[in-house]
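Here's the structure, in structure tokens; my notes come after.
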Amino acid sequence: MSNYKALLSEISTFIFDYDGVMTDGVIIITNEGEPLRTANVKDGYALQLIHKLGYNVAIISGGYSHSMEKRFESLGIKDLFLGVSDKLQVYEQYRKDKQLKNENILYMGDDVPDLLPMKACGVPVCPADASNEIKNISLYISHLNGGRGCVRDIIEQVLKVQGRWMMDADAHTW
């Protein structure tokens with residue numbers, strides 16, 4: 001796992017799963033049937049920052065709720081693929097549409113539905129509480145759990161390796 005940092009200099013694109021990566025994986029269902037999730041503010045800060053810095057940012061999730069769309073809209077993230085059953089197909093289409101190479105893509109997932117796109121990308125990473133199948137293929141396992149800052153952890157590492165962390169104070173504002 002220690003060699004993964006050399007690969008971070010090539011990253012131009014971040015792809016994240018939602019449930020279990022940006023959330024702790026717990027879903028509370030209201031009486032009306034609306035799924036409620038919690039999200040980490042530090043993850044949100046890092047996501048809006050990489051968007052402002054010009055990185056490609058995509059969310060590929062099997063889950064869907066209106067609140068997910070609102071969350072990403074507030075962060076400026078437009079490449080949303082929600083309610084997805086075949087994540088590899090969406091990954092491949094996104095890669096082709098954006099004319100990306102696999103080695104330029106970092107994908108953070110936490111469970112079996114993320115396995116195939118993670119095998120395809122250049123830098124597969126996961127939260128500390130990911131499934132064993134995902135941990136086994138990840139080049140980096142965050143010390144933080146899903147929904148507890150693992151997204152910020154990997155974004156900060158990429159920006160530091162690329163010399164872009166804290167380099168532009170204007171980009172670090174909401």
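Residues in the structure tokens are numbered from 1 in each chain, the chains being A, B, ... in the order shown, and ligands are numbered from 1 in the order shown.
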Checklist entry - Could you name the residues that touch segment 103-120 of chain A at 8 Å or less, counting only C-alpha atoms, but leaving out those on the same chain fewer than 2 positions away, as a VMD selection string? => result chain A and resid 7 10 to 17 20 to 21 86 to 88 91 100 to 101 122 to 127 129 to 131 133 to 134 137 to 138 146 151
Residues of the last selection are to be written out with C-alpha atoms, as a tab-separated table (two decimals), in the first residue's frame.
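Result went into selection30.tsv, see below:
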```tsv
chain	number	residue	atom	x	y	z
A	7	LEU	CA	0.18	7.20	-8.44
A	10	GLU	CA	-1.60	11.39	-12.11
A	11	ILE	CA	-5.12	11.83	-10.68
A	12	SER	CA	-7.44	14.22	-12.51
A	13	THR	CA	-10.70	12.50	-11.67
A	14	PHE	CA	-12.36	11.39	-8.44
A	15	ILE	CA	-15.25	8.93	-8.43
A	16	PHE	CA	-17.04	8.11	-5.21
A	17	ASP	CA	-19.73	5.75	-4.08
A	20	GLY	CA	-20.78	3.67	3.08
A	21	VAL	CA	-18.22	6.14	1.68
A	86	ASP	CA	-24.27	-1.61	-13.15
A	87	LYS	CA	-21.49	0.62	-11.83
A	88	LEU	CA	-18.87	-0.69	-14.28
A	91	TYR	CA	-17.79	4.06	-15.03
A	100	LEU	CA	-10.05	9.76	-19.46
A	101	LYS	CA	-7.40	7.11	-18.95
A	122	GLY	CA	-5.92	3.51	-11.70
A	123	VAL	CA	-6.16	4.09	-7.95
A	124	PRO	CA	-8.78	2.08	-6.02
A	125	VAL	CA	-9.17	3.22	-2.41
A	126	CYS	CA	-11.63	2.58	0.40
A	127	PRO	CA	-12.74	3.57	3.91
A	129	ASP	CA	-14.80	-0.16	7.33
A	130	ALA	CA	-15.08	-1.38	3.71
A	131	SER	CA	-15.84	-5.02	2.99
A	133	GLU	CA	-13.37	-7.91	-0.90
A	134	ILE	CA	-12.86	-4.18	-1.42
A	137	ILE	CA	-8.09	-4.73	-4.11
A	138	SER	CA	-7.54	-1.25	-2.65
A	146	GLY	CA	-17.24	5.86	5.67
A	151	VAL	CA	-13.27	11.29	1.45
```
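All residues of protein, DNA or RNA that reach within 8 Å of segment 24-26 of chain A, judged by only C-alpha atoms and not counting those fewer than 2 positions away in the chain, are Asp19, Gly20, Val21, Met22, Ile28, Arg37, Thr38, Ala39, Asn145, Gly146, Gly147 and Arg148 of chain A.
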Checklist entry - DSSP on the backbone: what in chain A comes out alpha helix (DSSP H), as JSON, numbers by chain? => result {"A": [4, 5, 6, 7, 8, 41, 42, 43, 44, 45, 46, 47, 48, 49, 50, 51, 52, 66, 67, 68, 69, 70, 71, 72, 73, 74, 75, 87, 88, 89, 90, 91, 92, 93, 94, 95, 96, 97, 115, 116, 117, 118, 119, 120, 132, 133, 134, 135, 136, 137, 150, 151, 152, 153, 154, 155, 156, 157, 158, 159, 160, 161]}
Next on the checklist: Just list as number ranges by chain whatever in segment 1-159 of chain A DSSP marks as strand (DSSP E).
Outcome noted: A: 13-16, 28-29, 35-36, 56-60, 79-81, 105-108, 123-126, 140-141
